[in-house]
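Here's the structure, in structure tokens; my notes come after.
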Amino acid sequence: MSTDTIRDLLLSHYGSSTAALRWRAEDGTVEAQTWTEHLAEASALAAAIESRFDPTKPPHVGVLLGNGPDLALHLSAAGLGGHVLVGLNNTRRGSALARDVAKGDCQFVVTDATHRELLSEVEVPVVERLDRPDGQAQVEPVDLTGDSLFMLIFTSGTGGDPKAVRVTHKKIATLAGYMSERLGLTGDDVHYVSMPLFHSNAVMAGWTPALATGACMAVAPFSATGFLPDVRAFDATYANYVGKPLAYILATPAAPDDADNPLRLVFGNEGGERDIEEFARRFDCRVIDGFGSTENAVVISRIPGTPPNALGQPAENVAVLDPETGAECPRATYDAAGAVTNLDECVGELVNVAGAGQFDGYYNDPEATAERMRDGKYWSGDLAYRDADGWVYFAGRTSDWLRVDGENLAAAPIERLLLRHPAISEAAVYAVPDPLAGDQLMATLVLRAELTPTEFGAFLGAQEDLGTKSWPRFVAIADAIPRTATNKVLKRDLQAVGSTAATWIRGDRDRDYETQPR
């Protein structure tokens, strides 16, 4: 039996009386399960799942559950039993969800009463509870190697239909040791996992390092107001995030005792610079923000000395390439105000020039896999640029490349600039059609304090590094920005509404914003 499987990692904790899992019961009290109890139940669940499989079909089971102990149990069951868990996104609906079930070759779907109605268009059996054998853990050896498929994790689908990323046992086993060592996690830590366990952030950054150390994982659905009470109740020392949770938590009322908590470390990606600093200060913990994707093929590390707004330094095999020519892009140059002067040249796509890295392809989607793996290189679809010292700055997705009045613009640097204003909590920048040609710039803002159109215009005018073409023509003030379950902005939803949603608008040549008549 191979030593690079999830099964090996799990069984190394069999016999342990330390906690493997904590969660809140319906009455709000904290319940717990030891590693031995957890593995026994997971093994019984694996046996129940695999007894239902048709041996002539792929051993894939779809799981549609909320973030809680049952979903965590299914992860361990797949690791022990050797079947493939297809993580289903509980924000998907109707034919879209049915498409994911079919794409993942699910023989059946396990769900609960809360989510069953979402599966009305699914063509395979749906079960709410599997009868499990009584007795001890079923730990008989199974034929697993590091290359065995463990899970299918769907991408966020911000640019189209989600793709099913193949996650092998080796990928998890390798990452388990790497993440725990990189973050300094030990078996004494308690991992608070409120990000959805059907997606890569929670699996890779929350569940996986606990496999290496035997740490306890506390699972709960994300709640901005419930975050700190959960951290205290679970005695959590570590938490993971993706997207905007830091901002959502910071938007809750501050209390004098916020720093009185056991949390020491928070790790995630896509946190704003201001939110990272404020979260660390308010809750007296260290926040490490990195760059990553479900495919996990491009590695960029935030190391000491990383400049504000930079992602960090790339691995040796990561470069910024021109997607048209394949040549490496020149480094960014700056004017006296700090604005990038050569965006047309320096912005390119982040590429792993050495190959696929830890990307094992998309399941049942050779065309999408081929699109990622062009000329033996992994093309991420993420735009970036590098400065003279090699630091990488995110510029958005390839769909975030805008052309306004004949000039190319990247969305992410403009979004970072807008977030400098203390009243702006979230910002999404995107293109809407210009009636004549090209694009007009539009921004949707979520505010944390009052902001008038006059104040907004004055703020933009004071930003010396804001180019003249980077002023949004249209501004929408919204209560929330549409996002996926993993907090990726759904810009196509914003673009579908377009400038009709604008709250403020400015003239073609002026810099004064006026309220749009309704």
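Note on naming: chains are A, B, ... as they come in the structure tokens, residues start from 1 per chain, ligands start from 1 in the order shown.
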If you count only C-alpha atoms, which residues fall within 9 Å of Glu273 in chain A, apart from same-chain ones fewer than 6 positions away, as an NGL selection string? :A and (308-309 or 416)
Non-local contacts of Leu118 in chain A (7 Å; only C-alpha atoms; under 2 positions in same chain excluded) as a short mmCIF file (atom, residue, chain, number, x, y, z; two decimals) with C-alpha atoms, in the first residue's frame:
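Writing the result to out.cif gives the following:
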data_model
loop_
_atom_site.label_atom_id
_atom_site.label_comp_id
_atom_site.auth_asym_id
_atom_site.auth_seq_id
_atom_site.Cartn_x
_atom_site.Cartn_y
_atom_site.Cartn_z
CA ARG A 93 -29.87 25.44 -8.71
CA GLY A 94 -32.01 23.52 -11.17
CA HIS A 115 -31.13 20.67 0.26
CA ARG A 116 -33.19 17.87 -1.28
CA SER A 120 -35.51 18.09 -8.49
#
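Within the 8 Å cut-off around Pro221 in chain A, using only C-alpha atoms and omitting residues fewer than 3 positions from it on the same chain, the listed residues are Gly66, Asn67, Gly68, Ser194, Met195 and Pro196 of chain A.
Excluding range 481-491 of chain A itself and same-chain residues fewer than 3 positions from it, the residues having an atom within 9 Å of it are Asn89, Asn90, Thr91, Arg92, Ser156, Gly157, Thr158, Gly159, Met195, Pro196, His199, Asn201, Val242, Gly243, Lys244, Pro245, Asp400, Glu426, Ala427, Ala428, Val429, Tyr430, Thr444, Leu445, Val446, Ala478, Leu494, Gln495 and Ala496 of chain A, counting only C-alpha atoms.
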Using only N, CA and C atoms, please write the residues we just selected to a file, as a PDB file, in the first residue's frame.
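Written out: again_28.pdb:
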ATOM      1  N   ASN A  89     -22.033  22.151  -5.085  1.00  0.00           N
ATOM      2  CA  ASN A  89     -22.168  23.520  -4.586  1.00  0.00           C
ATOM      3  C   ASN A  89     -23.621  23.779  -4.204  1.00  0.00           C
ATOM      4  N   ASN A  90     -23.865  24.078  -2.921  1.00  0.00           N
ATOM      5  CA  ASN A  90     -25.246  24.242  -2.475  1.00  0.00           C
ATOM      6  C   ASN A  90     -25.853  25.600  -2.821  1.00  0.00           C
ATOM      7  N   THR A  91     -25.124  26.409  -3.613  1.00  0.00           N
ATOM      8  CA  THR A  91     -25.743  27.632  -4.150  1.00  0.00           C
ATOM      9  C   THR A  91     -26.170  27.445  -5.600  1.00  0.00           C
ATOM     10  N   ARG A  92     -25.871  26.300  -6.181  1.00  0.00           N
ATOM     11  CA  ARG A  92     -26.303  26.008  -7.554  1.00  0.00           C
ATOM     12  C   ARG A  92     -27.758  25.550  -7.537  1.00  0.00           C
ATOM     13  N   SER A 156     -15.165  27.919  -9.421  1.00  0.00           N
ATOM     14  CA  SER A 156     -16.227  28.843  -9.033  1.00  0.00           C
ATOM     15  C   SER A 156     -17.195  29.154 -10.161  1.00  0.00           C
ATOM     16  N   GLY A 157     -16.751  29.030 -11.403  1.00  0.00           N
ATOM     17  CA  GLY A 157     -17.652  29.295 -12.518  1.00  0.00           C
ATOM     18  C   GLY A 157     -17.898  30.764 -12.774  1.00  0.00           C
ATOM     19  N   THR A 158     -16.930  31.629 -12.405  1.00  0.00           N
ATOM     20  CA  THR A 158     -17.117  33.062 -12.646  1.00  0.00           C
ATOM     21  C   THR A 158     -17.052  33.401 -14.126  1.00  0.00           C
ATOM     22  N   GLY A 159     -16.382  32.577 -14.918  1.00  0.00           N
ATOM     23  CA  GLY A 159     -16.253  32.868 -16.343  1.00  0.00           C
ATOM     24  C   GLY A 159     -17.056  31.937 -17.228  1.00  0.00           C
ATOM     25  N   MET A 195     -15.569  27.999   5.755  1.00  0.00           N
ATOM     26  CA  MET A 195     -15.688  28.049   4.309  1.00  0.00           C
ATOM     27  C   MET A 195     -16.245  26.698   3.831  1.00  0.00           C
ATOM     28  N   PRO A 196     -16.955  26.656   2.710  1.00  0.00           N
ATOM     29  CA  PRO A 196     -17.638  25.420   2.298  1.00  0.00           C
ATOM     30  C   PRO A 196     -16.681  24.280   1.977  1.00  0.00           C
ATOM     31  N   HIS A 199     -15.429  22.922  -1.542  1.00  0.00           N
ATOM     32  CA  HIS A 199     -14.531  23.706  -2.384  1.00  0.00           C
ATOM     33  C   HIS A 199     -13.105  23.634  -1.865  1.00  0.00           C
ATOM     34  N   ASN A 201     -10.645  25.774  -0.943  1.00  0.00           N
ATOM     35  CA  ASN A 201     -10.036  26.510   0.161  1.00  0.00           C
ATOM     36  C   ASN A 201     -10.205  25.764   1.475  1.00  0.00           C
ATOM     37  N   VAL A 242     -11.519  32.587   2.176  1.00  0.00           N
ATOM     38  CA  VAL A 242     -11.309  32.935   0.775  1.00  0.00           C
ATOM     39  C   VAL A 242     -12.260  34.069   0.435  1.00  0.00           C
ATOM     40  N   GLY A 243     -11.761  35.081  -0.259  1.00  0.00           N
ATOM     41  CA  GLY A 243     -12.609  36.191  -0.679  1.00  0.00           C
ATOM     42  C   GLY A 243     -12.794  37.239   0.402  1.00  0.00           C
ATOM     43  N   LYS A 244     -14.065  37.587   0.708  1.00  0.00           N
ATOM     44  CA  LYS A 244     -14.376  38.758   1.534  1.00  0.00           C
ATOM     45  C   LYS A 244     -14.755  38.498   2.985  1.00  0.00           C
ATOM     46  N   PRO A 245     -14.632  37.298   3.535  1.00  0.00           N
ATOM     47  CA  PRO A 245     -15.040  37.112   4.931  1.00  0.00           C
ATOM     48  C   PRO A 245     -14.395  38.066   5.922  1.00  0.00           C
ATOM     49  N   ASP A 400     -11.197  40.345 -17.215  1.00  0.00           N
ATOM     50  CA  ASP A 400     -11.155  41.668 -16.578  1.00  0.00           C
ATOM     51  C   ASP A 400     -10.256  42.648 -17.322  1.00  0.00           C
ATOM     52  N   GLU A 426     -16.498  47.229  -0.378  1.00  0.00           N
ATOM     53  CA  GLU A 426     -16.255  46.322  -1.493  1.00  0.00           C
ATOM     54  C   GLU A 426     -16.350  47.108  -2.802  1.00  0.00           C
ATOM     55  N   ALA A 427     -15.598  46.679  -3.788  1.00  0.00           N
ATOM     56  CA  ALA A 427     -15.619  47.337  -5.095  1.00  0.00           C
ATOM     57  C   ALA A 427     -15.424  46.299  -6.191  1.00  0.00           C
ATOM     58  N   ALA A 428     -16.248  46.379  -7.211  1.00  0.00           N
ATOM     59  CA  ALA A 428     -16.103  45.539  -8.401  1.00  0.00           C
ATOM     60  C   ALA A 428     -16.076  46.445  -9.614  1.00  0.00           C
ATOM     61  N   VAL A 429     -15.041  46.333 -10.424  1.00  0.00           N
ATOM     62  CA  VAL A 429     -14.872  47.149 -11.627  1.00  0.00           C
ATOM     63  C   VAL A 429     -15.017  46.246 -12.849  1.00  0.00           C
ATOM     64  N   TYR A 430     -15.766  46.714 -13.837  1.00  0.00           N
ATOM     65  CA  TYR A 430     -16.030  45.890 -15.016  1.00  0.00           C
ATOM     66  C   TYR A 430     -16.435  46.787 -16.176  1.00  0.00           C
ATOM     67  N   THR A 444     -19.301  48.879  -9.147  1.00  0.00           N
ATOM     68  CA  THR A 444     -20.330  48.655  -8.136  1.00  0.00           C
ATOM     69  C   THR A 444     -19.654  48.682  -6.778  1.00  0.00           C
ATOM     70  N   LEU A 445     -20.206  49.510  -5.877  1.00  0.00           N
ATOM     71  CA  LEU A 445     -19.609  49.717  -4.563  1.00  0.00           C
ATOM     72  C   LEU A 445     -20.572  49.282  -3.469  1.00  0.00           C
ATOM     73  N   VAL A 446     -20.024  48.685  -2.422  1.00  0.00           N
ATOM     74  CA  VAL A 446     -20.750  48.447  -1.180  1.00  0.00           C
ATOM     75  C   VAL A 446     -20.120  49.360  -0.135  1.00  0.00           C
ATOM     76  N   ALA A 478     -24.634  49.442  -4.043  1.00  0.00           N
ATOM     77  CA  ALA A 478     -25.428  48.238  -3.811  1.00  0.00           C
ATOM     78  C   ALA A 478     -25.287  47.770  -2.367  1.00  0.00           C
ATOM     79  N   LEU A 494     -23.316  41.388 -12.982  1.00  0.00           N
ATOM     80  CA  LEU A 494     -23.310  42.850 -12.960  1.00  0.00           C
ATOM     81  C   LEU A 494     -23.380  43.398 -14.383  1.00  0.00           C
ATOM     82  N   GLN A 495     -22.635  42.783 -15.291  1.00  0.00           N
ATOM     83  CA  GLN A 495     -22.622  43.255 -16.675  1.00  0.00           C
ATOM     84  C   GLN A 495     -23.964  43.032 -17.358  1.00  0.00           C
ATOM     85  N   ALA A 496     -24.681  41.994 -16.938  1.00  0.00           N
ATOM     86  CA  ALA A 496     -25.983  41.727 -17.549  1.00  0.00           C
ATOM     87  C   ALA A 496     -26.969  42.857 -17.259  1.00  0.00           C
TER      88      ALA A 496
END
Check the smallest atom-to-atom distance from each of A:Thr500, A:Thr34, A:Thr454, A:Thr155 to Asp512 in chain A using only C-alpha atoms, then report the winner. A:Thr454
DSSP on the backbone, then: every residue of range 147-330 of chain A marked helix (DSSP H, G or I), written as a count of residues only. 54
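Considering only C-alpha atoms, the residue among A:Leu71, A:Ala25, A:Ala77, A:Leu447 positioned nearest to Leu45 in chain A is A:Ala77.
Of note, CA of Ala412 in chain A and CA of Gly396 in chain A are spaced 5.0 Å apart.
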Shell of 7 Å around range 30-32 of chain A, only C-alpha atoms, local chain residues under 3 positions omitted, as a PyMOL selection string: chain A and resi 19+21-25
